[in-house]
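Peer 1: This one is work_36.cif, mmCIF, C-alpha atoms.
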```cif
data_start
#
loop_
_atom_site.group_PDB
_atom_site.id
_atom_site.type_symbol
_atom_site.label_atom_id
_atom_site.label_comp_id
_atom_site.auth_asym_id
_atom_site.auth_seq_id
_atom_site.Cartn_x
_atom_site.Cartn_y
_atom_site.Cartn_z
ATOM 1 C CA MET Y 1 127.442 128.888 60.656
ATOM 2 C CA SER Y 2 130.284 131.418 60.948
ATOM 3 C CA GLU Y 3 130.650 134.314 58.516
ATOM 4 C CA GLU Y 4 133.908 132.751 57.274
ATOM 5 C CA THR Y 5 132.234 129.386 56.592
ATOM 6 C CA ARG Y 6 129.238 131.063 54.981
ATOM 7 C CA ALA Y 7 131.546 132.970 52.661
ATOM 8 C CA CYS Y 8 133.290 129.725 51.714
ATOM 9 C CA THR Y 9 130.097 127.770 51.034
ATOM 10 C CA GLU Y 10 128.882 130.512 48.766
ATOM 11 C CA THR Y 11 131.914 129.799 46.570
ATOM 12 C CA GLY Y 12 131.453 126.049 46.613
ATOM 13 C CA CYS Y 13 133.315 125.070 49.776
ATOM 14 C CA ASN Y 14 131.972 122.038 51.655
ATOM 15 C CA GLY Y 15 132.640 123.677 55.032
ATOM 16 C CA ASN Y 16 135.506 121.330 55.978
ATOM 17 C CA CYS Y 17 138.251 123.756 56.895
ATOM 18 C CA SER Y 18 140.756 121.005 57.709
ATOM 19 C CA SER Y 19 141.116 120.199 54.006
ATOM 20 C CA CYS Y 20 140.493 123.674 52.614
ATOM 21 C CA ALA Y 21 143.172 125.046 50.294
ATOM 22 C CA SER Y 22 142.481 128.525 51.691
ATOM 23 C CA ASN Y 23 143.423 127.469 55.209
ATOM 24 C CA PRO Y 24 146.832 128.958 56.211
ATOM 25 C CA GLN Y 25 147.574 125.694 58.061
ATOM 26 C CA ASN Y 26 147.442 123.936 54.688
ATOM 27 C CA GLY Y 27 149.961 126.220 53.063
ATOM 28 C CA ALA Y 28 147.710 129.123 52.029
ATOM 29 C CA PRO Y 29 149.089 132.650 52.454
ATOM 30 C CA ASN Y 30 148.572 134.020 55.946
ATOM 31 C CA PRO Y 31 146.498 137.235 56.238
ATOM 32 C CA GLU Y 32 149.486 138.764 58.061
ATOM 33 C CA SER Y 33 151.567 138.461 54.878
ATOM 34 C CA PHE Y 34 150.993 142.219 54.370
ATOM 35 C CA LEU Y 35 153.360 142.829 57.283
ATOM 36 C CA GLU Y 36 156.713 144.224 56.213
ATOM 37 C CA PRO Y 37 159.888 142.900 57.856
ATOM 38 C CA ALA Y 38 161.731 145.357 60.026
ATOM 39 C CA ASN Y 39 165.374 146.125 59.453
ATOM 40 C CA PRO Y 40 167.059 142.861 60.573
ATOM 41 C CA TYR Y 41 169.406 144.788 62.853
ATOM 42 C CA ASN Y 42 166.504 146.214 64.880
ATOM 43 C CA SER Y 43 164.994 144.891 68.081
ATOM 44 C CA ILE Y 44 161.764 146.769 68.799
ATOM 45 C CA LYS Y 45 159.704 145.368 71.661
ATOM 46 C CA LYS Y 46 156.470 147.385 71.378
ATOM 47 C CA VAL Y 47 155.024 149.532 68.586
ATOM 48 C CA ILE Y 48 152.277 152.002 69.499
ATOM 49 C CA GLY Y 49 150.315 154.024 66.945
ATOM 50 C CA VAL Y 50 148.845 157.412 67.905
ATOM 51 C CA VAL Y 51 145.786 158.095 65.760
ATOM 52 C CA SER Y 52 142.748 160.315 65.308
ATOM 53 C CA GLY Y 53 139.700 160.466 63.088
ATOM 54 C CA LYS Y 54 140.534 164.072 62.098
ATOM 55 C CA GLY Y 55 143.431 166.496 62.024
ATOM 56 C CA GLY Y 56 144.334 169.251 64.433
ATOM 57 C CA VAL Y 57 143.655 167.443 67.680
ATOM 58 C CA GLY Y 58 147.270 167.045 68.839
ATOM 59 C CA LYS Y 59 148.517 163.617 67.779
ATOM 60 C CA SER Y 60 152.098 164.870 67.468
ATOM 61 C CA LEU Y 61 151.914 166.396 70.932
ATOM 62 C CA VAL Y 62 150.616 163.193 72.507
ATOM 63 C CA THR Y 63 153.101 161.052 70.560
ATOM 64 C CA SER Y 64 156.015 163.225 71.662
ATOM 65 C CA LEU Y 65 154.949 163.422 75.290
ATOM 66 C CA LEU Y 66 154.440 159.662 75.573
ATOM 67 C CA ALA Y 67 157.921 159.096 74.142
ATOM 68 C CA VAL Y 68 159.399 161.648 76.562
ATOM 69 C CA LEU Y 69 157.632 160.110 79.557
ATOM 70 C CA MET Y 70 158.717 156.563 78.686
ATOM 71 C CA ASN Y 71 162.253 157.861 78.141
ATOM 72 C CA ARG Y 72 162.169 159.410 81.626
ATOM 73 C CA LYS Y 73 161.124 156.037 83.003
ATOM 74 C CA GLY Y 74 164.332 154.592 81.615
ATOM 75 C CA TYR Y 75 162.935 152.937 78.481
ATOM 76 C CA ALA Y 76 164.561 153.283 75.077
ATOM 77 C CA ALA Y 77 161.976 155.180 73.012
ATOM 78 C CA GLY Y 78 161.654 156.231 69.386
ATOM 79 C CA ILE Y 79 159.251 158.245 67.254
ATOM 80 C CA LEU Y 80 158.359 157.364 63.665
ATOM 81 C CA ASP Y 81 156.760 160.456 62.123
ATOM 82 C CA ALA Y 82 154.295 158.961 59.635
ATOM 83 C CA ASP Y 83 152.604 162.295 58.933
ATOM 84 C CA ILE Y 84 154.582 162.752 55.729
ATOM 85 C CA THR Y 85 152.800 165.876 54.438
ATOM 86 C CA GLY Y 86 152.683 167.631 57.825
ATOM 87 C CA PRO Y 87 155.748 166.556 59.821
ATOM 88 C CA SER Y 88 156.338 168.438 63.058
ATOM 89 C CA ILE Y 89 158.329 166.122 65.308
ATOM 90 C CA PRO Y 90 161.876 167.311 64.392
ATOM 91 C CA LYS Y 91 160.942 170.952 65.024
ATOM 92 C CA MET Y 92 159.534 170.144 68.463
ATOM 93 C CA PHE Y 93 162.805 168.498 69.500
ATOM 94 C CA GLY Y 94 165.145 170.978 67.837
ATOM 95 C CA ILE Y 95 166.467 168.515 65.264
ATOM 96 C CA ASN Y 96 167.577 170.278 62.085
ATOM 97 C CA ARG Y 97 170.256 167.906 60.834
ATOM 98 C CA ARG Y 98 169.726 165.663 57.833
ATOM 99 C CA ALA Y 99 169.610 161.944 58.527
ATOM 100 C CA ARG Y 100 172.653 159.899 57.557
ATOM 101 C CA SER Y 101 172.951 156.292 56.464
ATOM 102 C CA ASN Y 102 175.437 153.443 56.402
ATOM 103 C CA ASP Y 103 175.574 149.955 54.920
ATOM 104 C CA LEU Y 104 173.018 148.700 57.460
ATOM 105 C CA GLY Y 105 170.324 151.329 56.887
ATOM 106 C CA VAL Y 106 169.204 154.903 57.504
ATOM 107 C CA LEU Y 107 170.200 156.278 60.897
ATOM 108 C CA PRO Y 108 167.513 158.048 62.954
ATOM 109 C CA GLU Y 109 168.434 161.338 64.531
ATOM 110 C CA ARG Y 110 168.523 161.672 68.315
ATOM 111 C CA THR Y 111 166.968 164.190 70.659
ATOM 112 C CA ALA Y 112 168.907 165.783 73.505
ATOM 113 C CA ASN Y 113 167.782 162.930 75.778
ATOM 114 C CA ASP Y 114 168.467 160.197 73.197
ATOM 115 C CA ILE Y 115 164.995 159.544 71.780
ATOM 116 C CA ALA Y 116 165.351 158.157 68.245
ATOM 117 C CA VAL Y 117 163.425 160.144 65.599
ATOM 118 C CA MET Y 118 162.767 159.596 61.901
ATOM 119 C CA SER Y 119 160.740 162.041 59.819
ATOM 120 C CA ILE Y 120 160.555 163.017 56.170
ATOM 121 C CA ASN Y 121 161.905 166.440 57.178
ATOM 122 C CA LEU Y 122 165.207 164.763 58.020
ATOM 123 C CA LEU Y 123 165.552 163.632 54.406
ATOM 124 C CA LEU Y 124 164.595 166.850 52.591
ATOM 125 C CA GLU Y 125 167.015 169.478 51.333
ATOM 126 C CA GLN Y 126 165.014 172.142 53.197
ATOM 127 C CA ALA Y 127 162.622 171.696 56.121
ATOM 128 C CA ASP Y 128 159.979 173.924 54.483
ATOM 129 C CA GLN Y 129 160.067 171.985 51.215
ATOM 130 C CA PRO Y 130 156.530 170.696 50.498
ATOM 131 C CA VAL Y 131 155.944 166.998 49.983
ATOM 132 C CA ILE Y 132 153.641 166.860 46.956
ATOM 133 C CA TRP Y 133 153.224 163.120 46.565
ATOM 134 C CA ARG Y 134 150.302 160.871 45.778
ATOM 135 C CA GLY Y 135 148.995 158.334 48.291
ATOM 136 C CA PRO Y 136 150.976 155.255 47.191
ATOM 137 C CA ILE Y 137 154.271 157.152 47.352
ATOM 138 C CA LEU Y 138 153.422 158.523 50.806
ATOM 139 C CA ALA Y 139 152.557 155.028 51.985
ATOM 140 C CA GLY Y 140 155.797 153.655 50.510
ATOM 141 C CA ALA Y 141 157.838 156.242 52.420
ATOM 142 C CA VAL Y 142 156.242 155.195 55.704
ATOM 143 C CA LYS Y 143 157.004 151.537 55.008
ATOM 144 C CA GLN Y 144 160.638 152.450 54.378
ATOM 145 C CA PHE Y 145 160.775 154.165 57.767
ATOM 146 C CA TRP Y 146 160.005 150.718 59.169
ATOM 147 C CA THR Y 147 162.059 148.510 56.839
ATOM 148 C CA ASP Y 148 165.117 150.676 56.147
ATOM 149 C CA VAL Y 149 165.708 152.699 59.308
ATOM 150 C CA LEU Y 150 168.279 151.375 61.760
ATOM 151 C CA TRP Y 151 166.289 151.920 64.969
ATOM 152 C CA GLY Y 152 168.464 149.534 66.950
ATOM 153 C CA ASP Y 153 167.184 148.329 70.335
ATOM 154 C CA LEU Y 154 163.960 150.064 71.392
ATOM 155 C CA ASP Y 155 161.484 149.299 74.139
ATOM 156 C CA PHE Y 156 158.792 151.527 72.605
ATOM 157 C CA LEU Y 157 158.402 152.911 69.099
ATOM 158 C CA PHE Y 158 155.608 155.482 68.866
ATOM 159 C CA ILE Y 159 154.142 156.195 65.432
ATOM 160 C CA ASP Y 160 152.687 159.660 64.848
ATOM 161 C CA MET Y 161 149.969 158.819 62.334
ATOM 162 C CA PRO Y 162 148.455 161.155 59.749
ATOM 163 C CA PRO Y 163 144.800 162.018 60.393
ATOM 164 C CA GLY Y 164 141.841 160.119 59.039
ATOM 165 C CA THR Y 165 141.481 156.656 57.536
ATOM 166 C CA GLY Y 166 143.207 156.987 54.158
ATOM 167 C CA ASP Y 167 146.177 155.391 52.407
ATOM 168 C CA VAL Y 168 148.887 156.055 54.961
ATOM 169 C CA PRO Y 169 146.986 154.971 58.112
ATOM 170 C CA LEU Y 170 145.866 151.873 56.225
ATOM 171 C CA THR Y 171 149.466 151.137 55.208
ATOM 172 C CA VAL Y 172 150.662 151.435 58.797
ATOM 173 C CA PHE Y 173 147.893 149.166 60.072
ATOM 174 C CA GLN Y 174 148.641 146.536 57.414
ATOM 175 C CA SER Y 175 152.430 146.771 57.137
ATOM 176 C CA ILE Y 176 153.706 147.398 60.659
ATOM 177 C CA PRO Y 177 153.019 144.988 63.564
ATOM 178 C CA LEU Y 178 151.258 147.375 65.932
ATOM 179 C CA ASP Y 179 150.854 146.250 69.523
ATOM 180 C CA GLY Y 180 148.092 148.802 70.007
ATOM 181 C CA ILE Y 181 146.900 152.326 69.299
ATOM 182 C CA VAL Y 182 146.095 155.388 71.383
ATOM 183 C CA ILE Y 183 143.243 157.520 70.043
ATOM 184 C CA VAL Y 184 143.558 161.298 70.436
ATOM 185 C CA THR Y 185 140.526 163.566 70.456
ATOM 186 C CA SER Y 186 139.281 166.960 71.697
ATOM 187 C CA PRO Y 187 136.269 168.129 73.739
ATOM 188 C CA GLN Y 188 134.123 169.538 70.918
ATOM 189 C CA GLU Y 189 130.720 168.158 69.939
ATOM 190 C CA LEU Y 190 132.269 166.025 67.195
ATOM 191 C CA VAL Y 191 134.255 164.000 69.739
ATOM 192 C CA SER Y 192 132.003 160.952 69.447
ATOM 193 C CA LEU Y 193 132.313 160.866 65.657
ATOM 194 C CA ILE Y 194 136.083 161.429 65.780
ATOM 195 C CA VAL Y 195 136.679 158.635 68.256
ATOM 196 C CA LYS Y 196 134.328 156.217 66.516
ATOM 197 C CA LYS Y 197 136.038 156.655 63.138
ATOM 198 C CA ALA Y 198 139.409 155.677 64.588
ATOM 199 C CA TYR Y 199 137.805 152.985 66.766
ATOM 200 C CA ASN Y 200 135.978 151.354 63.863
ATOM 201 C CA MET Y 201 139.042 151.348 61.615
ATOM 202 C CA ALA Y 202 141.165 149.716 64.316
ATOM 203 C CA LYS Y 203 138.492 147.114 65.006
ATOM 204 C CA GLN Y 204 138.198 146.230 61.322
ATOM 205 C CA MET Y 205 141.978 145.830 61.134
ATOM 206 C CA ASN Y 206 142.146 143.818 64.394
ATOM 207 C CA ILE Y 207 144.418 146.359 66.089
ATOM 208 C CA PRO Y 208 144.151 146.543 69.920
ATOM 209 C CA ILE Y 209 142.923 149.914 71.231
ATOM 210 C CA LEU Y 210 144.811 150.857 74.387
ATOM 211 C CA GLY Y 211 142.705 153.878 75.260
ATOM 212 C CA VAL Y 212 141.884 157.474 74.416
ATOM 213 C CA VAL Y 213 143.515 160.808 75.296
ATOM 214 C CA GLU Y 214 141.657 164.113 75.231
ATOM 215 C CA ASN Y 215 143.741 167.135 74.194
ATOM 216 C CA MET Y 216 142.790 170.796 74.779
ATOM 217 C CA SER Y 217 140.593 169.534 77.578
ATOM 218 C CA TYR Y 218 140.864 172.625 79.763
ATOM 219 C CA VAL Y 219 142.922 175.714 80.499
ATOM 220 C CA LYS Y 220 144.180 176.520 83.967
ATOM 221 C CA CYS Y 221 144.225 180.110 85.228
ATOM 222 C CA PRO Y 222 147.826 180.991 86.166
ATOM 223 C CA GLY Y 223 146.539 183.276 88.928
ATOM 224 C CA CYS Y 224 143.914 181.315 90.829
ATOM 225 C CA GLY Y 225 144.614 177.814 89.480
ATOM 226 C CA GLU Y 226 140.984 177.206 88.498
ATOM 227 C CA SER Y 227 140.375 175.125 85.371
ATOM 228 C CA PHE Y 228 138.080 176.388 82.605
ATOM 229 C CA HIS Y 229 136.604 174.198 79.861
ATOM 230 C CA ILE Y 230 136.831 176.681 77.012
ATOM 231 C CA PHE Y 231 135.516 174.226 74.404
ATOM 232 C CA GLY Y 232 132.519 173.242 76.494
ATOM 233 C CA LYS Y 233 131.778 170.235 78.636
ATOM 234 C CA SER Y 234 133.589 167.102 77.525
ATOM 235 C CA ARG Y 235 131.559 164.064 76.508
ATOM 236 C CA LEU Y 236 134.579 161.795 76.390
ATOM 237 C CA ASP Y 237 133.551 159.711 79.386
ATOM 238 C CA GLU Y 238 130.201 158.845 77.798
ATOM 239 C CA THR Y 239 131.786 157.962 74.456
ATOM 240 C CA ALA Y 240 134.543 155.911 76.088
ATOM 241 C CA ALA Y 241 132.008 154.012 78.188
ATOM 242 C CA GLU Y 242 129.875 153.315 75.114
ATOM 243 C CA LEU Y 243 132.850 151.840 73.247
ATOM 244 C CA GLY Y 244 134.456 150.180 76.245
ATOM 245 C CA LEU Y 245 137.578 152.337 76.050
ATOM 246 C CA GLU Y 246 139.849 153.502 78.851
ATOM 247 C CA VAL Y 247 140.437 157.252 79.227
ATOM 248 C CA LEU Y 248 144.220 157.461 79.534
ATOM 249 C CA GLY Y 249 144.473 161.170 80.241
ATOM 250 C CA ARG Y 250 143.461 164.741 79.504
ATOM 251 C CA MET Y 251 145.855 167.400 78.225
ATOM 252 C CA PRO Y 252 145.354 171.120 78.965
ATOM 253 C CA VAL Y 253 145.761 174.119 76.711
ATOM 254 C CA ASP Y 254 149.184 175.097 78.076
ATOM 255 C CA PRO Y 255 151.163 178.064 76.665
ATOM 256 C CA GLN Y 256 154.381 176.284 77.645
ATOM 257 C CA ILE Y 257 153.834 173.640 74.994
ATOM 258 C CA PRO Y 258 154.004 175.851 71.877
ATOM 259 C CA ALA Y 259 156.693 178.019 73.466
ATOM 260 C CA LEU Y 260 158.989 175.055 74.125
ATOM 261 C CA SER Y 261 158.130 173.414 70.789
ATOM 262 C CA ASP Y 262 158.986 176.575 68.854
ATOM 263 C CA LYS Y 263 162.381 176.632 70.559
ATOM 264 C CA GLY Y 264 162.937 172.917 69.922
ATOM 265 C CA GLU Y 265 162.980 172.204 73.640
ATOM 266 C CA PHE Y 266 159.879 170.072 74.062
ATOM 267 C CA GLU Y 267 161.733 167.615 76.307
ATOM 268 C CA ARG Y 268 161.807 170.335 78.966
ATOM 269 C CA TYR Y 269 158.014 170.260 79.286
ATOM 270 C CA GLY Y 270 157.175 169.245 82.840
ATOM 271 C CA GLY Y 271 153.435 168.645 82.573
ATOM 272 C CA GLU Y 272 152.359 165.349 84.102
ATOM 273 C CA ASP Y 273 148.899 165.140 82.541
ATOM 274 C CA LEU Y 274 149.809 161.965 80.633
ATOM 275 C CA GLN Y 275 151.851 160.393 83.408
ATOM 276 C CA GLY Y 276 148.935 158.059 84.065
ATOM 277 C CA ALA Y 277 148.931 157.072 80.389
ATOM 278 C CA ALA Y 278 152.656 156.279 80.540
ATOM 279 C CA ASP Y 279 152.126 154.267 83.721
ATOM 280 C CA ARG Y 280 149.306 152.368 81.999
ATOM 281 C CA LEU Y 281 151.483 151.524 78.975
ATOM 282 C CA GLU Y 282 154.197 150.296 81.313
ATOM 283 C CA ALA Y 283 151.681 148.123 83.178
ATOM 284 C CA ILE Y 284 150.141 146.692 80.001
ATOM 285 C CA PHE Y 285 153.458 145.681 78.475
ATOM 286 C CA SER Y 286 155.521 144.818 81.537
#
```
Mind turning the file's structure into C-alpha cells?
Peer 2:
Amino acid sequence: MSEETRACTETGCNGNCSSCASNPQNGAPNPESFLEPANPYNSIKKVIGVVSGKGGVGKSLVTSLLAVLMNRKGYAAGILDADITGPSIPKMFGINRRARSNDLGVLPERTANDIAVMSINLLLEQADQPVIWRGPILAGAVKQFWTDVLWGDLDFLFIDMPPGTGDVPLTVFQSIPLDGIVIVTSPQELVSLIVKKAYNMAKQMNIPILGVVENMSYVKCPGCGESFHIFGKSRLDETAAELGLEVLGRMPVDPQIPALSDKGEFERYGGEDLQGAADRLEAIFS
C-alpha cells in the first residue's frame, strides 16, 4: 500500500482513488495551486534557483556569473534578487537607479549588457536603507517580484535565494515554477551538512536539483600559477556521489571578483570556471 493510500485509509477512505473527492482529477484542488501566476505579459522559458544551506558561500556570485555566461551565449537572461534583507546584485552590476513602473507592471533595470535585474534595493529611497520586515512580508515581496515585474521575454531567469530553509526559500519553492536549482557550497568541513540541507528541502518540495557548485575552492598564485586549497581538501566529490549530484564547477578565490563588483563592473569578469555549468544548463534545457 502506498503512503498516500495509507494516509487516506486512516481517515476512512476505501482506497478507491478513482472516486475519491480528494483526487485532483475529480475536481479537488491541485497541490500546485500554491503557484502564483506570472505577469501575463511575461514569457519566461526556464527559472533556475540558486540556493545554499547557509549564508556566505557565494550564491549571489554564482547567480550573477551564470546569468552573465548565458547572456554571452546569446540567451536573454534575468536575475530576481530574492535575498531581500541582504541584496547585492544591483551593486555588482553598477545599477543605482530606482525601478520604474507602467500600467503593465514594474520594470526591471538593465545591466550594461542587457541582463534584466529586480532587487529590493531598486525600490528603496536609499540603497543602504535596512529592510526590517518579518517573514511573511519578505515572502510577499518576493512573490511580487514574480507576479508584478514586467520581465518580458526571457530564456533564463535566475533567482538569487536567501540562505537556509526559512520563509522566503519556502515561498519561492511553493510560489514560483522552478525548473531546477543549483546548490552552492564551499570546501570547509561543513560542506556535507550544507549541501544536504538544501538537497533535502528541494527533494521534499519536488524541485529538480541540477547540480552543485563549489565556491572559494582554491586560490591560484599569480606568479607560478599553482593552485592552493586554502580551506583544506574539498570533500565535494564524495558528498555529490553520495547524493547522486553532478558537480557543475568550482570557483576560485579571485581578487578580480570583489574589485570588479565594487566598481559595478562584474560583467567584465573573464573567469571561465563556470563555463561548464553554463554549457550544462544549455544542454539540459535545449
Peer 1: Name the residues captured by the PyMOL selection byres ((chain Y and resi 205) around 12) when it is applied to the shown file; answer as a ChimeraX atom specification.
Peer 2: /Y:31-32,34,165,169-178,180-181,198-204,206-209
Peer 1: Y:Asp279, Y:Asp179, Y:Asp148, Y:Glu125: which is nearest Ser101 of chain Y, counting all atoms listed in the file?
Peer 2: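 Of Y:Asp279, Y:Asp179, Y:Asp148, Y:Glu125, the one nearest Ser101 of chain Y is Y:Asp148, counting all atoms listed in the file.
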Peer 1: Pick from Y:Ser192, Y:Gln129, Y:Asn113, Y:Asn39: nearest to Arg72 of chain Y, with all atoms listed in the file counted?
Peer 2: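 Going through Y:Ser192, Y:Gln129, Y:Asn113, Y:Asn39 one by one, the smallest distance to Arg72 of chain Y is for Y:Asn113.
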Peer 1: Please write as a list in words the full residue list that the PyMOL selection byres ((chain Y and resi 122) around 10) yields on this file.
Peer 2: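 Applied to this file, the PyMOL selection byres ((chain Y and resi 122) around 10) returns Pro87, Pro90, Ile95, Asn96, Arg97, Arg98, Ala99, Arg100, Pro108, Glu109, Val117, Met118, Ser119, Ile120, Asn121, Leu123, Leu124, Glu125, Gln126 and Ala127 of chain Y.
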Peer 1: Point out the residue among Y:Gly244, Y:Gly105, Y:Gly55, Y:Pro255 with the least atom-to-atom distance to Tyr41 of chain Y, counting only C-alpha atoms.
Peer 2: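 Looking only at the distances to Tyr41 of chain Y, the closest residue turns out to be Y:Gly105.
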Peer 1: Given the PyMOL selection byres ((chain Y and resi 80) around 9) and the file above, list the residues it selects as a ChimeraX atom specification.
Peer 2: /Y:78-79,81-83,89,116-119,142,145-146,157-161
Peer 1: Could you jot down the atom CA of Ser234 of chain Y to atom CA of Ser217 of chain Y separation for me, Å, one decimal place?
Peer 2: 7.4 Å
Peer 1: Can I get the residues of segment 250-270 of chain Y within 10 Å of segment 62-65 of chain Y, each with the closest pair of atoms and their distance in Å to one decimal, using only C-alpha atoms, sorted chain first then ascending number, as a Markdown table?
Peer 2:
```
| residue | atom | partner | partner_atom | distance |
| --- | --- | --- | --- | --- |
| Y:Met251 | CA | Y:Val62 | CA | 8.5 |
| Y:Phe266 | CA | Y:Ser64 | CA | 8.2 |
| Y:Glu267 | CA | Y:Leu65 | CA | 8.0 |
| Y:Tyr269 | CA | Y:Leu65 | CA | 8.5 |
| Y:Gly270 | CA | Y:Leu65 | CA | 9.8 |
```
Peer 1: Store the residues picked out above in a file with C-alpha atoms, as a CSV table (one decimal), in the coordinates of the input.
Peer 2:
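Written output follows (out02.csv):
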```
chain,number,residue,atom,x,y,z
Y,251,MET,CA,145.9,167.4,78.2
Y,266,PHE,CA,159.9,170.1,74.1
Y,267,GLU,CA,161.7,167.6,76.3
Y,269,TYR,CA,158.0,170.3,79.3
Y,270,GLY,CA,157.2,169.2,82.8
```
Peer 1: Would you mind reading off the distance between atom CA of Leu35 of chain Y and atom CA of Leu69 of chain Y, one decimal, in Å?
Peer 2: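 Between atom CA of Leu35 of chain Y and atom CA of Leu69 of chain Y the gap is 28.5 Å.
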Peer 1: With all atoms listed in the file as the basis for distance, which of Y:Tyr218, Y:Gly211, Y:Pro40, Y:Asp237 is at the shortest distance from Ile284 of chain Y?
Peer 2: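 Of all the options, Y:Gly211 lies closest to Ile284 of chain Y.
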Peer 1: Take atom CA of His229 of chain Y and atom CA of Gly276 of chain Y and report the distance between them in Å, one decimal.
Peer 2: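 Separation between atom CA of His229 of chain Y and atom CA of Gly276 of chain Y: 20.7 Å.
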Peer 1: Compare Y:Leu236, Y:Asp114, Y:Glu214, Y:Phe285 by their minimum atom-to-atom distance to Asn71 of chain Y, counting all atoms listed in the file, and give me the closest one.
Peer 2: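 Comparing Y:Leu236, Y:Asp114, Y:Glu214, Y:Phe285 against Asn71 of chain Y, the winner is Y:Asp114.
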Peer 1: Need to verify the contact set: Pro222 of chain Y, 12 Å, all atoms listed in the file, exclusion of same-chain residues closer than 4 positions in sequence. Can you return it as number ranges by chain?
Peer 2: Y: 226-228, 253-256
